[in-house]
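Undergrad: Data: model-v9.txt, compact mmCIF, C-alpha atoms.
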# COMPACT_ATOMS: atom_id res chain seq x y z
CA MET U 1 0.00 0.00 0.00
CA PRO U 2 1.70 3.24 -1.08
CA PRO U 3 1.48 6.23 1.27
CA LEU U 4 -1.55 8.45 1.08
CA SER U 5 0.34 11.40 -0.45
CA VAL U 6 1.42 9.27 -3.41
CA VAL U 7 -2.15 8.03 -3.96
CA ALA U 8 -3.46 11.61 -3.76
CA PHE U 9 -0.87 12.85 -6.25
CA MET U 10 -1.63 10.03 -8.69
CA LEU U 11 -5.39 10.64 -8.51
CA LEU U 12 -4.99 14.40 -8.99
CA ALA U 13 -2.54 13.98 -11.86
CA ALA U 14 -4.89 11.48 -13.54
CA LEU U 15 -7.84 13.88 -13.13
CA THR U 16 -5.81 16.79 -14.53
CA LEU U 17 -4.33 14.98 -17.51
CA GLY U 18 -7.45 12.95 -18.32
CA SER U 19 -9.59 16.07 -18.46
CA ALA U 20 -6.91 17.89 -20.46
CA GLY U 21 -6.99 14.98 -22.92
CA ILE U 22 -10.74 15.46 -23.36
CA VAL U 23 -10.14 19.21 -23.88
CA ALA U 24 -7.58 18.44 -26.57
CA PHE U 25 -9.37 15.63 -28.42
CA SER U 26 -13.15 16.02 -28.00
CA LYS U 27 -15.11 16.88 -31.14
CA ASN U 28 -17.78 18.77 -29.18
CA ILE U 29 -16.78 22.20 -27.92
CA ILE U 30 -19.13 21.94 -24.93
CA HIS U 31 -17.46 18.70 -23.81
CA SER U 32 -14.08 20.41 -24.17
CA ALA U 33 -15.17 23.42 -22.11
CA LEU U 34 -16.71 21.26 -19.38
CA ALA U 35 -13.65 18.99 -19.24
CA LEU U 36 -11.60 22.09 -18.47
CA LEU U 37 -13.39 22.02 -15.09
CA GLY U 38 -11.65 18.75 -14.21
CA THR U 39 -8.26 20.15 -15.22
CA PHE U 40 -8.70 23.26 -13.07
CA LEU U 41 -9.87 21.25 -10.05
CA GLY U 42 -6.97 18.80 -10.46
CA ILE U 43 -4.46 21.66 -10.63
CA ALA U 44 -6.04 23.17 -7.50
CA GLY U 45 -5.52 19.86 -5.72
CA LEU U 46 -1.91 19.70 -6.88
CA TYR U 47 -1.41 23.21 -5.46
CA VAL U 48 -2.57 21.91 -2.07
CA THR U 49 0.03 19.13 -2.19
CA LEU U 50 2.64 21.80 -3.01
CA SER U 51 1.71 23.79 0.15
CA ALA U 52 0.11 26.60 -1.89
CA ASP U 53 -3.24 26.70 -0.12
CA PHE U 54 -4.17 30.26 -1.08
CA LEU U 55 -3.50 29.49 -4.73
CA ALA U 56 -5.74 26.43 -4.57
CA ALA U 57 -8.65 28.55 -3.33
CA THR U 58 -7.90 31.25 -5.91
CA GLN U 59 -7.74 28.66 -8.66
CA VAL U 60 -11.21 27.36 -7.79
CA LEU U 61 -12.70 30.86 -7.35
CA VAL U 62 -11.19 32.59 -10.38
CA TYR U 63 -10.86 29.79 -12.92
CA VAL U 64 -13.85 27.61 -12.09
CA GLY U 65 -16.12 30.42 -10.93
CA GLY U 66 -15.06 33.10 -13.38
CA THR U 67 -13.12 32.04 -16.45
CA LEU U 68 -14.97 28.78 -17.04
CA THR U 69 -18.38 30.46 -16.73
CA LEU U 70 -17.22 33.11 -19.19
CA ILE U 71 -16.02 30.45 -21.64
CA LEU U 72 -19.31 28.54 -21.36
CA PHE U 73 -21.23 31.76 -22.05
CA ALA U 74 -19.08 32.38 -25.13
CA VAL U 75 -19.62 28.78 -26.34
CA MET U 76 -23.39 29.03 -25.93
CA LEU U 77 -23.56 32.45 -27.61
CA THR U 78 -21.43 31.51 -30.61
CA SER U 79 -22.61 28.02 -31.57
CA ARG U 80 -25.83 27.14 -33.32
CA ILE U 81 -27.71 24.17 -31.90
CA GLU U 82 -27.82 22.20 -35.16
CA ASP U 83 -24.05 22.12 -35.66
CA MET U 84 -23.33 21.21 -32.04
CA LYS U 85 -22.26 17.68 -33.07
CA VAL U 86 -18.94 18.64 -34.67
CA SER U 87 -18.49 22.10 -33.25
CA ASN U 88 -14.75 21.77 -32.68
CA PRO U 89 -13.07 20.53 -35.88
CA GLN U 90 -9.35 19.85 -36.02
CA GLY U 91 -6.74 20.30 -38.72
CA GLY U 92 -3.00 19.85 -39.11
CA VAL U 93 -2.86 17.03 -36.55
CA ALA U 94 0.31 15.42 -37.97
CA VAL U 95 2.33 18.67 -37.88
CA ALA U 96 1.13 19.35 -34.34
CA PHE U 97 2.13 15.86 -33.17
CA GLY U 98 5.60 16.29 -34.67
CA LEU U 99 6.20 19.65 -33.05
CA ILE U 100 4.92 18.50 -29.66
CA ALA U 101 7.11 15.37 -29.84
CA VAL U 102 10.16 17.60 -30.38
CA ALA U 103 9.14 19.95 -27.55
CA LEU U 104 8.52 17.08 -25.11
CA LEU U 105 11.84 15.43 -26.08
CA VAL U 106 13.74 18.63 -25.27
CA LEU U 107 11.82 19.11 -22.01
CA GLY U 108 12.34 15.48 -21.02
CA LYS U 109 16.06 15.64 -21.77
CA VAL U 110 16.47 18.75 -19.63
CA ALA U 111 14.34 17.32 -16.83
CA THR U 112 16.18 13.99 -16.68
CA GLU U 113 19.73 15.29 -17.08
CA THR U 114 19.49 18.05 -14.49
CA ASN U 115 20.22 16.96 -10.94
CA TRP U 116 17.08 18.15 -9.14
CA PRO U 117 16.77 17.94 -5.37
CA SER U 118 14.44 15.01 -5.00
CA GLU U 119 13.50 14.74 -1.33
CA ALA U 120 9.81 15.23 -0.52
CA LYS U 121 8.98 18.24 1.62
CA PRO U 122 6.08 18.57 4.03
CA ALA U 123 3.19 20.81 3.00
CA VAL U 124 2.96 23.85 5.27
CA PRO U 125 0.48 26.74 4.99
CA SER U 126 1.91 29.74 3.13
CA THR U 127 -0.97 32.24 2.87
CA ALA U 128 0.42 34.61 5.52
CA LYS U 129 3.85 34.73 3.87
CA LEU U 130 2.21 35.35 0.50
CA GLY U 131 0.20 38.27 1.92
CA HIS U 132 3.34 39.84 3.40
CA ALA U 133 5.13 39.43 0.06
CA PHE U 134 2.29 41.14 -1.81
CA LEU U 135 2.12 44.13 0.52
CA GLY U 136 5.90 44.44 0.84
CA GLU U 137 8.32 43.31 -1.83
CA TYR U 138 5.77 42.95 -4.66
CA LEU U 139 3.56 45.97 -3.90
CA LEU U 140 4.12 47.76 -7.22
CA PRO U 141 3.40 44.71 -9.45
CA PHE U 142 0.35 44.03 -7.26
CA GLU U 143 -1.04 47.51 -7.92
CA ILE U 144 -0.21 47.26 -11.63
CA GLY U 145 -2.13 43.99 -11.66
CA SER U 146 -5.17 45.82 -10.30
CA VAL U 147 -4.89 48.43 -13.07
CA VAL U 148 -4.58 45.65 -15.68
CA LEU U 149 -7.77 44.03 -14.37
CA LEU U 150 -9.63 47.36 -14.48
CA ALA U 151 -8.43 48.03 -18.03
CA ALA U 152 -9.42 44.53 -19.12
CA MET U 153 -12.87 44.95 -17.57
CA ILE U 154 -13.53 48.27 -19.32
CA GLY U 155 -12.04 46.96 -22.56
CA SER U 156 -14.18 43.84 -22.66
CA VAL U 157 -17.35 45.81 -21.89
CA VAL U 158 -16.55 48.25 -24.71
CA LEU U 159 -15.69 45.42 -27.13
CA ALA U 160 -18.66 43.18 -26.40
CA ARG U 161 -21.49 45.72 -26.45
CA ARG U 162 -23.60 46.27 -29.51
CA ALA U 163 -23.05 49.54 -31.35
CA VAL U 164 -25.62 52.01 -30.09
CA LYS U 165 -26.86 54.66 -32.48
CA ARG U 166 -27.85 57.74 -30.58
CA ALA U 167 -30.43 60.20 -31.88
CA TRP U 168 -27.85 62.82 -32.83
CA GLU U 169 -25.66 60.31 -34.74
CA LYS U 170 -28.16 59.61 -37.56
CA GLY U 171 -27.11 59.61 -41.14
CA MET C 172 8.28 5.71 -3.72
CA GLU C 173 8.26 9.43 -3.03
CA ILE C 174 6.67 12.20 -5.05
CA GLY C 175 9.42 14.60 -6.08
CA LEU C 176 9.93 17.51 -8.41
CA VAL C 177 10.22 15.33 -11.50
CA HIS C 178 6.66 14.04 -11.10
CA TYR C 179 5.22 17.54 -11.05
CA LEU C 180 7.40 18.54 -14.00
CA THR C 181 6.07 15.54 -15.93
CA VAL C 182 2.47 16.57 -15.27
CA GLY C 183 3.33 20.13 -16.31
CA ALA C 184 5.07 19.01 -19.51
CA VAL C 185 2.22 16.72 -20.59
CA LEU C 186 -0.31 19.45 -19.81
CA PHE C 187 1.74 21.89 -21.89
CA GLY C 188 1.91 19.40 -24.77
CA LEU C 189 -1.87 18.89 -24.72
CA GLY C 190 -2.39 22.67 -24.63
CA LEU C 191 -0.02 23.21 -27.55
CA PHE C 192 -1.81 20.47 -29.50
CA THR C 193 -5.16 22.16 -28.81
CA VAL C 194 -3.89 25.57 -29.91
CA MET C 195 -2.37 24.18 -33.11
CA THR C 196 -5.19 21.93 -34.28
CA ARG C 197 -8.43 23.64 -33.25
CA LYS C 198 -10.35 25.72 -35.74
CA ASN C 199 -12.93 27.01 -33.27
CA ALA C 200 -11.61 30.24 -31.71
CA VAL C 201 -13.00 29.31 -28.30
CA GLY C 202 -11.24 25.94 -28.59
CA ILE C 203 -7.95 27.76 -29.18
CA LEU C 204 -8.59 29.77 -26.01
CA LEU C 205 -9.09 26.54 -24.05
CA GLY C 206 -5.63 25.45 -25.22
CA VAL C 207 -4.11 28.73 -24.06
CA GLU C 208 -5.66 28.17 -20.62
CA LEU C 209 -4.06 24.70 -20.48
CA ILE C 210 -0.62 26.13 -21.35
CA LEU C 211 -0.93 28.89 -18.71
CA ASN C 212 -1.94 26.33 -16.08
CA ALA C 213 1.03 24.13 -16.95
CA ALA C 214 3.40 27.09 -16.54
CA ALA C 215 1.79 28.07 -13.23
CA LEU C 216 2.10 24.51 -11.91
CA ASN C 217 5.80 24.50 -12.79
CA PHE C 218 6.34 27.81 -10.96
CA VAL C 219 4.75 26.47 -7.78
CA ALA C 220 6.58 23.13 -8.02
CA PHE C 221 9.99 24.78 -8.44
CA GLU C 222 9.25 27.12 -5.54
CA HIS C 223 8.24 24.25 -3.26
CA PHE C 224 11.15 21.93 -4.06
CA VAL C 225 14.02 24.24 -5.05
CA ALA C 226 13.69 27.95 -4.37
CA GLY C 227 11.77 28.24 -1.13
CA GLY C 228 10.00 31.46 -0.14
CA VAL C 229 6.82 32.51 -1.89
CA SER C 230 8.09 34.08 -5.14
CA GLY C 231 6.76 31.23 -7.27
CA GLN C 232 3.28 31.67 -5.83
CA VAL C 233 3.48 35.43 -6.49
CA PHE C 234 4.22 34.69 -10.15
CA THR C 235 1.33 32.24 -10.27
CA VAL C 236 -1.08 34.83 -8.89
CA PHE C 237 0.01 37.19 -11.68
CA ILE C 238 -0.47 34.40 -14.22
CA ILE C 239 -4.02 33.91 -12.93
CA VAL C 240 -4.70 37.67 -13.14
CA LEU C 241 -3.40 37.86 -16.71
CA ALA C 242 -5.27 34.71 -17.74
CA ALA C 243 -8.53 36.15 -16.41
CA SER C 244 -8.12 39.46 -18.26
CA GLU C 245 -6.95 37.66 -21.41
CA ALA C 246 -10.02 35.42 -21.37
CA ALA C 247 -12.39 38.37 -20.86
CA ILE C 248 -10.89 40.41 -23.73
CA ALA C 249 -10.56 37.45 -26.09
CA LEU C 250 -14.13 36.29 -25.53
CA ALA C 251 -15.42 39.82 -26.15
CA ILE C 252 -13.52 39.82 -29.46
CA VAL C 253 -14.92 36.36 -30.29
CA LEU C 254 -18.46 37.66 -29.69
CA GLN C 255 -17.88 40.57 -32.07
CA VAL C 256 -16.37 38.26 -34.70
CA TYR C 257 -19.41 36.01 -34.41
CA ARG C 258 -21.70 39.00 -34.91
CA SER C 259 -20.03 40.02 -38.16
CA TYR C 260 -19.21 36.56 -39.65
CA ARG C 261 -21.87 34.27 -38.04
CA SER C 262 -18.97 31.84 -37.45
CA ILE C 263 -15.91 31.68 -35.23
CA MET C 264 -13.94 29.07 -37.17
CA ALA C 265 -10.45 30.56 -37.46
CA ASP C 266 -9.93 29.35 -41.06
CA ARG C 267 -12.97 31.27 -42.30
CA LEU C 268 -11.80 34.65 -41.04
CA THR C 269 -9.96 35.66 -44.20
CA ALA C 270 -11.00 39.30 -44.64
CA LEU C 271 -7.38 40.49 -44.31
CA LYS C 272 -5.95 37.88 -46.71
CA ASN C 273 -4.51 39.28 -50.01
Rewrite the structure from the file as structure tokens, please.

TA:
Amino acid sequence: MPPLSVVAFMLLAALTLGSAGIVAFSKNIIHSALALLGTFLGIAGLYVTLSADFLAATQVLVYVGGTLTLILFAVMLTSRIEDMKVSNPQGGVAVAFGLIAVALLVLGKVATETNWPSEAKPAVPSTAKLGHAFLGEYLLPFEIGSVVLLAAMIGSVVLARRAVKRAWEKG
Amino acid sequence: MEIGLVHYLTVGAVLFGLGLFTVMTRKNAVGILLGVELILNAAALNFVAFEHFVAGGVSGQVFTVFIIVLAASEAAIALAIVLQVYRSYRSIMADRLTALKN
């Protein structure tokens, strides 16, 4: 019987990669978008095993609660019901497989030839340290991130609205 | 058997490969966005894994928070653009958007 942490890692990795496989290979865009849920939840679990508890909560809140809902809205608004069956066609599969094989070979060579520290470390909570880092060392990037979010919000509202013709703009 | 850095790197690399495959083969613009999300998640997982096993501190998690922020704004903007493209073309298949060709 392997230790519980190994079992947990294996289950989370299988959930993540299995769902990512559905995202990559499903012919139905709705299946792809819903399978992304499993990937995000699996990654959140992996964050917990890496002692990043705040990130796990953020991952669930932002990705599952925000981004995934947004993507599902976009899928529903941009697909017609009758062509739902093959709503996610693929092309250039052979080229893609070749390029990814090369990329994974390079990554695997680097990962196996480098002498990484391999001992397992215990998972300890890190939210307090992260908060101190954000309000100390990383304060300026933190504030710039807020501005980026505000700009993205205004930009997406402006982009997504329908053009409104006002009374004085006729002709 | 112990779970070490290499295991997390493997998950990250496979996730990145699947994301790259999605970006390269999909014709649906929303499908391409799903692939970008996979790639960003793979990168974020690698940041956190390296921080936990090698670097220490919280700098990897800080980077991951910024990745999440940028991914959220990227998704919002890109989906707004996709909606506008759908309004003018009645289709979001990337190979049919050829107005700028020639």

Undergrad: Contacts between chain U and chain C, please, where a residue of chain C counts if it comes within 8 Å (with only C-alpha atoms); show its shortest atom pair and distance in Å to one decimal, rows by chain and ascending number, as CSV.

TA:
residue,atom,partner,partner_atom,distance
C:Met172,CA,U:Pro2,CA,7.5
C:Glu173,CA,U:Ala120,CA,6.5
C:Ile174,CA,U:Val6,CA,6.2
C:Gly175,CA,U:Ser118,CA,5.2
C:Leu176,CA,U:Ser118,CA,6.2
C:Val177,CA,U:Ala111,CA,7.0
C:Leu180,CA,U:Ala111,CA,7.6
C:Val182,CA,U:Ala13,CA,6.6
C:Ala184,CA,U:Leu104,CA,6.9
C:Val185,CA,U:Leu17,CA,7.4
C:Leu186,CA,U:Leu17,CA,6.4
C:Gly188,CA,U:Ile100,CA,5.8
C:Leu189,CA,U:Ala24,CA,6.0
C:Gly190,CA,U:Ala24,CA,7.0
C:Leu191,CA,U:Ile100,CA,7.1
C:Phe192,CA,U:Ala96,CA,5.8
C:Thr193,CA,U:Ala24,CA,5.0
C:Met195,CA,U:Ala96,CA,6.1
C:Thr196,CA,U:Gln90,CA,5.0
C:Arg197,CA,U:Gln90,CA,4.8
C:Lys198,CA,U:Pro89,CA,5.9
C:Asn199,CA,U:Asn88,CA,5.6
C:Val201,CA,U:Val75,CA,6.9
C:Gly202,CA,U:Ile29,CA,6.7
C:Leu205,CA,U:Ala33,CA,7.1
C:Gly206,CA,U:Ala24,CA,7.4
C:Leu209,CA,U:Ala20,CA,7.4
C:Asn212,CA,U:Ile43,CA,7.6
C:Leu216,CA,U:Ile43,CA,7.3
C:Val219,CA,U:Leu50,CA,7.0
C:Ala220,CA,U:Leu50,CA,6.5
C:His223,CA,U:Leu50,CA,6.1
C:Phe224,CA,U:Pro117,CA,7.0
C:Val225,CA,U:Pro117,CA,6.9
C:Val229,CA,U:Leu130,CA,5.9
C:Gln232,CA,U:Ala52,CA,7.2
C:Val233,CA,U:Leu130,CA,7.1
C:Thr235,CA,U:Leu55,CA,7.8
C:Val236,CA,U:Leu55,CA,7.2
C:Phe237,CA,U:Gly145,CA,7.1
C:Ile239,CA,U:Gln59,CA,7.7
C:Val240,CA,U:Gly145,CA,7.0
C:Leu241,CA,U:Leu149,CA,7.9
C:Ala243,CA,U:Thr67,CA,6.2
C:Ser244,CA,U:Ala152,CA,5.3
C:Glu245,CA,U:Ala152,CA,7.7
C:Ala246,CA,U:Thr67,CA,6.7
C:Ala247,CA,U:Ser156,CA,6.0
C:Ile248,CA,U:Ser156,CA,4.9
C:Leu250,CA,U:Ala74,CA,6.3
C:Ala251,CA,U:Ala160,CA,4.7
C:Ile252,CA,U:Leu159,CA,6.4
C:Val253,CA,U:Ala74,CA,7.7
C:Leu254,CA,U:Ala160,CA,6.4
C:Gln255,CA,U:Ala160,CA,6.3
C:Tyr257,CA,U:Thr78,CA,6.2
C:Arg261,CA,U:Thr78,CA,7.9
C:Ser262,CA,U:Thr78,CA,7.3
C:Ile263,CA,U:Thr78,CA,7.2

Undergrad: CA of Val48 in chain U and CA of Ala213 in chain C are how many Å apart?

TA: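 CA of Val48 in chain U sits 15.5 Å away from CA of Ala213 in chain C.
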
Undergrad: Quick one: 5 Å padding each side, axis-aligned, all listed atoms of range 216-225 of chain C - centre and edge lengths in Å to one decimal, as lines of an AutoDock Vina configuration file?

TA:
center_x = 8.1
center_y = 24.9
center_z = -8.0
size_x = 21.9
size_y = 15.9
size_z = 19.5

Undergrad: So which one's closest to Val256 in chain C, C:Ile210, C:Ile238, C:Glu222, C:Ala200? Using all atoms listed in the file, please.

TA: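 Answer, going by the shortest atom-to-atom distance: C:Ala200.
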
Undergrad: State, in Å with one decimal place, the distance from CA of Leu37 in chain U to CA of Leu61 in chain U.

TA: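 Interatomic distance, CA of Leu37 in chain U to CA of Leu61 in chain U: 11.8 Å.
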
Undergrad: So the first atom is CA of Leu105 in chain U and the second is CA of Phe187 in chain C; what is the distance between them in Å, to one decimal place?

TA: 12.7 Å
